[in-house]
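Chemist: What follows is target_37.cif, made up of mmCIF, C-alpha atoms:
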```cif
data_protein
#
loop_
_atom_site.group_PDB
_atom_site.id
_atom_site.type_symbol
_atom_site.label_atom_id
_atom_site.label_comp_id
_atom_site.auth_asym_id
_atom_site.auth_seq_id
_atom_site.Cartn_x
_atom_site.Cartn_y
_atom_site.Cartn_z
ATOM 1 C CA MET B 1 -1.611 6.012 -22.930
ATOM 2 C CA LYS B 2 1.351 7.818 -21.399
ATOM 3 C CA ILE B 3 3.899 5.932 -19.304
ATOM 4 C CA SER B 4 2.729 7.639 -16.110
ATOM 5 C CA ASP B 5 -0.884 6.687 -16.885
ATOM 6 C CA SER B 6 0.194 3.111 -17.480
ATOM 7 C CA PHE B 7 2.094 3.057 -14.172
ATOM 8 C CA LEU B 8 -0.924 4.376 -12.289
ATOM 9 C CA LYS B 9 -3.199 1.793 -13.905
ATOM 10 C CA ARG B 10 -0.838 -1.052 -12.950
ATOM 11 C CA SER B 11 -0.566 0.374 -9.434
ATOM 12 C CA VAL B 12 -4.326 0.599 -9.056
ATOM 13 C CA ASP B 13 -4.747 -2.964 -10.369
ATOM 14 C CA LEU B 14 -2.204 -4.327 -7.875
ATOM 15 C CA PHE B 15 -3.689 -2.334 -5.007
ATOM 16 C CA THR B 16 -7.187 -3.524 -5.872
ATOM 17 C CA SER B 17 -5.990 -7.133 -5.756
ATOM 18 C CA ILE B 18 -4.453 -6.795 -2.280
ATOM 19 C CA ARG B 19 -7.017 -4.439 -0.742
ATOM 20 C CA GLY B 20 -9.793 -6.950 -1.205
ATOM 21 C CA ARG B 21 -8.658 -8.979 1.803
ATOM 22 C CA SER B 22 -9.008 -7.933 5.409
ATOM 23 C CA PRO B 23 -5.660 -7.739 7.256
ATOM 24 C CA ALA B 24 -7.162 -9.845 10.067
ATOM 25 C CA ASP B 25 -7.660 -12.735 7.614
ATOM 26 C CA LEU B 26 -4.039 -12.767 6.399
ATOM 27 C CA GLU B 27 -1.279 -15.100 7.519
ATOM 28 C CA ASN B 28 1.810 -13.354 8.932
ATOM 29 C CA LYS B 29 3.861 -13.796 5.748
ATOM 30 C CA THR B 30 1.075 -12.455 3.555
ATOM 31 C CA LEU B 31 0.493 -9.550 5.946
ATOM 32 C CA ASN B 32 4.180 -8.613 5.644
ATOM 33 C CA ASP B 33 4.070 -9.015 1.855
ATOM 34 C CA TYR B 34 1.039 -6.720 1.571
ATOM 35 C CA HIS B 35 2.731 -4.189 3.838
ATOM 36 C CA ARG B 36 5.835 -4.225 1.637
ATOM 37 C CA LYS B 37 3.779 -3.896 -1.558
ATOM 38 C CA THR B 38 1.845 -0.988 -0.070
ATOM 39 C CA HIS B 39 5.132 0.806 0.601
ATOM 40 C CA MET B 40 6.334 0.120 -2.950
ATOM 41 C CA LEU B 41 3.110 1.449 -4.473
ATOM 42 C CA TYR B 42 3.160 4.485 -2.199
ATOM 43 C CA ALA B 43 6.770 5.373 -3.021
ATOM 44 C CA GLY B 44 6.244 4.853 -6.747
ATOM 45 C CA ASN B 45 3.189 7.064 -6.821
ATOM 46 C CA MET B 46 4.789 9.769 -4.679
ATOM 47 C CA LYS B 47 7.430 10.137 -7.417
ATOM 48 C CA ARG B 48 4.748 11.078 -9.946
ATOM 49 C CA ASN B 49 4.427 14.752 -10.579
ATOM 50 C CA PRO B 50 1.906 15.438 -9.205
ATOM 51 C CA PRO B 51 1.063 12.324 -7.187
ATOM 52 C CA ASN B 52 -2.517 11.089 -7.382
ATOM 53 C CA LYS B 53 -3.747 12.239 -3.957
ATOM 54 C CA GLN B 54 -6.875 10.093 -3.921
ATOM 55 C CA PHE B 55 -4.841 6.962 -4.624
ATOM 56 C CA ILE B 56 -2.139 7.974 -2.110
ATOM 57 C CA ASN B 57 -4.792 8.504 0.571
ATOM 58 C CA SER B 58 -6.306 5.070 -0.146
ATOM 59 C CA LEU B 59 -2.884 3.460 0.123
ATOM 60 C CA ALA B 60 -2.163 5.286 3.382
ATOM 61 C CA SER B 61 -5.480 4.176 4.846
ATOM 62 C CA TYR B 62 -4.874 0.534 3.912
ATOM 63 C CA HIS B 63 -1.307 0.794 5.227
ATOM 64 C CA ASP B 64 -2.701 1.972 8.563
ATOM 65 C CA SER B 65 -5.033 -1.037 8.755
ATOM 66 C CA LEU B 66 -2.126 -3.383 7.960
ATOM 67 C CA VAL B 67 0.022 -1.759 10.653
ATOM 68 C CA LYS B 68 -2.783 -1.993 13.203
ATOM 69 C CA GLU B 69 -3.039 -5.732 12.539
ATOM 70 C CA MET B 70 0.743 -6.160 12.647
ATOM 71 C CA LEU B 71 0.947 -4.472 16.052
ATOM 72 C CA LYS B 72 -2.008 -6.509 17.306
ATOM 73 C CA ARG B 73 0.007 -9.648 16.468
ATOM 74 C CA GLY B 74 3.091 -8.362 18.250
ATOM 75 C CA MET B 75 4.998 -7.520 15.076
ATOM 76 C CA LYS B 76 7.171 -4.430 14.848
ATOM 77 C CA HIS B 77 6.603 -1.531 12.483
ATOM 78 C CA ASN B 78 9.434 0.892 11.832
ATOM 79 C CA THR B 79 8.485 2.275 8.407
ATOM 80 C CA PRO B 80 5.904 5.047 8.605
ATOM 81 C CA LEU B 81 4.703 6.555 5.350
ATOM 82 C CA LYS B 82 5.738 10.095 4.481
ATOM 83 C CA LYS B 83 2.643 12.253 4.477
ATOM 84 C CA ILE B 84 1.824 14.451 1.494
#
```
Write the structure described by the file as structure tokens, please.
Modeler:
Amino acid sequence: MKISDSFLKRSVDLFTSIRGRSPADLENKTLNDYHRKTHMLYAGNMKRNPPNKQFINSLASYHDSLVKEMLKRGMKHNTPLKKI
């Protein structure tokens, strides 16, 4: 397994573990943690050449659902994802 393949596998495993919970069910701290982790996974995978578009799109979709919940709770969001 190449390093990039290993990175993608770890990224997918982490994303799978956080995606399984609805943003509406998360406490504020956990919601912020998941938002931060989504950004980290997104940035890390965007650096791959080429990035895995299916995975990036899944991350972006989950990010949008996290942001929607954050705004619903009156939290601020100042970190949009760069689109591919």
Chemist: Within 12 Å of segment 64-73 of chain B, counting all atoms listed in the file, which residues show up once you throw out same-chain ones fewer than 4 positions away? Write them as a VMD selection string, please.
Modeler: chain B and resid 18 to 19 21 to 39 57 to 60 77 to 81
Chemist: To one decimal in Å, tell me the separation between atom CA of Ser61 of chain B and atom CA of Gly74 of chain B.
Modeler: 20.3 Å
Chemist: Name the residues that the PyMOL selection byres ((chain B and resi 41) around 10) picks from the file above, as a PDB file with C-alpha atoms, in the frame of the given file, using the file's chain letters and numbers.
Modeler:
```pdb
ATOM      1  CA  PHE B   7       2.094   3.057 -14.172  1.00  0.00           C
ATOM      2  CA  LEU B   8      -0.924   4.376 -12.289  1.00  0.00           C
ATOM      3  CA  ARG B  10      -0.838  -1.052 -12.950  1.00  0.00           C
ATOM      4  CA  SER B  11      -0.566   0.374  -9.434  1.00  0.00           C
ATOM      5  CA  VAL B  12      -4.326   0.599  -9.056  1.00  0.00           C
ATOM      6  CA  LEU B  14      -2.204  -4.327  -7.875  1.00  0.00           C
ATOM      7  CA  PHE B  15      -3.689  -2.334  -5.007  1.00  0.00           C
ATOM      8  CA  ARG B  36       5.835  -4.225   1.637  1.00  0.00           C
ATOM      9  CA  LYS B  37       3.779  -3.896  -1.558  1.00  0.00           C
ATOM     10  CA  THR B  38       1.845  -0.988  -0.070  1.00  0.00           C
ATOM     11  CA  HIS B  39       5.132   0.806   0.601  1.00  0.00           C
ATOM     12  CA  MET B  40       6.334   0.120  -2.950  1.00  0.00           C
ATOM     13  CA  TYR B  42       3.160   4.485  -2.199  1.00  0.00           C
ATOM     14  CA  ALA B  43       6.770   5.373  -3.021  1.00  0.00           C
ATOM     15  CA  GLY B  44       6.244   4.853  -6.747  1.00  0.00           C
ATOM     16  CA  ASN B  45       3.189   7.064  -6.821  1.00  0.00           C
ATOM     17  CA  MET B  46       4.789   9.769  -4.679  1.00  0.00           C
ATOM     18  CA  PHE B  55      -4.841   6.962  -4.624  1.00  0.00           C
ATOM     19  CA  ILE B  56      -2.139   7.974  -2.110  1.00  0.00           C
ATOM     20  CA  LEU B  59      -2.884   3.460   0.123  1.00  0.00           C
TER      21      LEU B  59
END
```
Chemist: Might I get the box with edges along x, y and z of the file that holds all atoms of segment 35-53 of chain B listed there, padded by 3 Å on every side, given as centre and edge lengths in Å to one decimal, as JSON?
Modeler:
```
{"center_x": 1.8, "center_y": 5.6, "center_z": -3.4, "size_x": 17.2, "size_y": 25.7, "size_z": 20.4}
```
